[in-house]
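Participant: Shown below is the structure under consideration.
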Amino acid sequence: MRKYFFLPILVVAAWSLNPGNDPGKDIKKKNKAEVENAGLKLPSGFSASILLDSVGKARHIVVTKNGAIYIKLSKLVNGKGILYGRDTDHNGKIDDIKSFGNYIGTGITIKDKFLYASSNDEVFRYELNENEEVVNPEAPQKIITGLVNGRQHNTKSLALDDKGNIYVNIGSPLNSCQVIDRGPGSKGKDPCPILDSAGGIWQFKADQLNQTYKDGIRYATGLRNVMGLDWNYQINELFVVQHGRDQLDMFPEYFTAQQNAVIPAEEMFMIKKGANCGFPYCYFDVQQNKKVLAPEYGGDGKKTTRCEGVEQPIVAFPAHMAPNALLFYTGNLFPAKYKNGAFIAFHGSWNRSPEKQEGFYVAFVPFKNGKPDGPWEVFADGFAGVETVMAPKQAQHRPCGLAQGPDGSLYVSDDVKGTIYKISYKNN
Amino acid sequence: MKKIISATAVFGITIIVASTSLPVDKATMERGKKVYTKYCVACHQVDGSGVPGLNPPLEKTPHVLGTKTRLIRIVLKGMNTHEEIDGETYSNIMAPHNHLTDQQIADVLTYVRNSFGNKAIVITPGDVKYVRARTK
């Protein structure tokens, strides 16, 4: 026999949720700032500080030419989904925050006098003044609408080229296009019907209003979910980092949980128009170093039928680490090896049990002439705040967004506690 | 017999005191853990904490501690409601697990209801059979 008595505690709850009334907030901020390099482990010569803390689910970010920051939130705070923060007294802390935009989402970027931001099914843009401040926060132009929003993989990462095009990720609403999504042993739908409207990158015009699928071009297909998306202006090509498939061990006749934990890569691609990267039919096996047929489509971990001719990754990262942002570094602050290389924010894994979870760091891939030039490395680690993460909830911070500051510093957002980090380099 | 003592303080402050109920028999917990490790741990995690934003936690949630029928139905039919649980929503889908036997479902749910800080009465194969017969 069980009885609970619930009495009204809503008044107390409502009071404590109001951040303005939280007397502990300033103390917490101060304590954190005193930790060396904000608790991060960095290569020699680099340092990190916390610009802002406890802002909510901070997803992608972009920094203006004056060093102010726009932050896209995936959960509204006081009804708003975009923050604009400035360090008005230049003490290394953001002290002035304005908010606008009544929609949740992840994508945000700046290109040629406009701020672009996405909800999970639309893309908006806001005119900027000469200081890259939004002229009218309440009147964005809706440039794209009606995109597939399947809850899973529904974030719309954004990138723009120099020719007036915007590239939008439309993730697969399914893990592997099974008849029963994430169902043990369930076969793949063949052909996978979602590829007409999802599982790829779409190209639209940056300056036209109310575009839908019929106005855009499916620029690349066979991409399960791309959160890391950036245009490389050095060679004028699109680069993406894909969240690879989960749960190979739904087919236990071919895969153990341990094999699922390590086999299906997180892939980085250089994308040309018309590229097919293989999802859901193929995944990249990091151990065999090749594309392999998915078990939903008759694969046994070895067969490669159907995978010939699909796009090969230019970098294959360990499984399940969740690359949430990609940024080509064009600044001059960091040492020469970083110039034009790629930073990737890994959110950290959840699908590696019984092994420990991995990721929760910012990685770096050196590039030369638009091609990887050496092995990838961990650049900034320690976000999780604990030595071992067995379950993702144990991670205290998880990298999600990246931006480059006007001085060449690197900004990293965290969507667990809403911390914004700034990573700098000492020139000596 | 399980006893729950609920003490309620005055002036709108609620305190719930769960009793130390009879321990669930060890063999059931061991069988339940096996099923959990095979079919559940990937998403719900080793400590039942789930994955923020993706897979719901199993720690003291109303779904786990509520009626047996609702919990058994989630296993049989899966879950795709994306409802808010303690202020957070979860985007991944849970597939139906109606291929598990009545015994396996009873064991795993008893395990879940008595792990991760949870305490709730056991679910028997008879409970599962009853709900399965009435679930399309």
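Letters for chains follow the order of the structure tokens (A, B, ...), residue numbers begin at 1 for each chain, and ligand numbers begin at 1 in the order shown.
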Going by DSSP on the backbone, which bits of range 66-96 of chain B are helix (DSSP H, G or I)? Write them as a list of chain:residue names, please.

Facilitator: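 For range 66-96 of chain B, the helix (DSSP H, G or I) set is B:Lys68, B:Thr69, B:Arg70, B:Leu71, B:Ile72, B:Arg73, B:Ile74, B:Val75, B:Leu76, B:Lys77.
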
Participant: Generate the output file for the selected residues, C-alpha atoms, as a compact mmCIF listing (two decimals), in the first residue's frame.

Facilitator:
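The resulting selection.txt:
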```txt
# COMPACT_ATOMS: atom_id res chain seq x y z
CA LYS B 68 2.04 -1.54 -12.98
CA THR B 69 -0.28 -1.46 -15.99
CA ARG B 70 1.16 1.75 -17.43
CA LEU B 71 4.72 0.54 -17.01
CA ILE B 72 4.05 -2.90 -18.51
CA ARG B 73 2.30 -1.24 -21.47
CA ILE B 74 5.36 0.93 -22.17
CA VAL B 75 7.50 -2.18 -22.52
CA LEU B 76 4.93 -3.99 -24.67
CA LYS B 77 4.02 -1.08 -26.95
```

Participant: I'd like the contact shell of Glu237 in chain A - 12 Å cut-off, only C-alpha atoms, skipping same-chain residues fewer than 2 positions apart - returned as an NGL selection string.

Facilitator: :A and (159-163 or 167 or 219 or 229-235 or 239-240 or 269-273 or 328 or 369-371)

Participant: So that I have them on file, write out the residues from the current selection with C-alpha atoms, as a compact mmCIF listing (two decimals), in the first residue's frame.

Facilitator:
```
# COMPACT_ATOMS: atom_id res chain seq x y z
CA ALA A 159 26.52 27.48 -43.19
CA LEU A 160 26.77 30.02 -46.02
CA ASP A 161 29.04 30.34 -49.03
CA ASP A 162 30.19 33.47 -50.87
CA LYS A 163 27.65 33.09 -53.65
CA TYR A 167 23.26 25.18 -46.48
CA TYR A 219 22.90 19.27 -52.10
CA LEU A 229 28.64 22.08 -40.79
CA ASP A 230 31.02 24.76 -42.06
CA TRP A 231 31.97 26.36 -45.32
CA ASN A 232 35.71 26.34 -46.00
CA TYR A 233 36.40 29.70 -47.67
CA GLN A 234 39.99 28.74 -48.41
CA ILE A 235 38.96 26.18 -51.02
CA PHE A 239 32.54 20.27 -44.93
CA VAL A 240 30.37 18.28 -42.54
CA PHE A 269 33.26 14.59 -45.30
CA MET A 270 34.11 17.17 -47.86
CA ILE A 271 30.83 17.53 -49.69
CA LYS A 272 30.39 18.34 -53.33
CA LYS A 273 27.00 18.88 -54.90
CA PHE A 328 37.58 26.12 -39.72
CA ASN A 369 45.12 23.15 -48.90
CA GLY A 370 41.71 21.93 -47.83
CA LYS A 371 42.82 18.40 -46.95
```

Participant: If you count only C-alpha atoms, which residues fall within 7 Å of range 122-126 of chain B, apart from same-chain ones fewer than 6 positions away, as a PDB file with C-alpha atoms, in the first residue's frame?

Facilitator:
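For reference, around.pdb as written:
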```pdb
ATOM      1  CA  LYS B  68       2.036  -1.537 -12.983  1.00  0.00           C
ATOM      2  CA  ASP B 102       6.114 -12.429 -19.414  1.00  0.00           C
ATOM      3  CA  GLN B 103       8.851 -13.632 -17.080  1.00  0.00           C
ATOM      4  CA  ALA B 106       8.276  -9.027 -14.931  1.00  0.00           C
ATOM      5  CA  LEU B 109      10.469  -4.145 -14.395  1.00  0.00           C
ATOM      6  CA  THR B 110      10.873  -5.459 -10.859  1.00  0.00           C
TER       7      THR B 110
END
```

Participant: Could you check the closest approach to chain A for each of B:Val64, B:Val41, B:Val131, B:Ile85 and tell me which residue wins, using only C-alpha atoms?

Facilitator: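 Comparing B:Val64, B:Val41, B:Val131, B:Ile85 against chain A, the winner is B:Val41.
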
Participant: Contacts of range 27-39 of chain B at 7 Å or less, counting only C-alpha atoms, minus same-chain residues fewer than 6 places along, as a tab-separated table (two decimals) with C-alpha atoms, in the first residue's frame?

Facilitator:
```tsv
chain	number	residue	atom	x	y	z
B	104	GLN	CA	11.51	-11.39	-18.67
B	107	ASP	CA	11.92	-9.50	-13.94
B	108	VAL	CA	13.25	-6.41	-15.66
B	110	THR	CA	10.87	-5.46	-10.86
B	111	TYR	CA	14.59	-4.78	-11.20
```
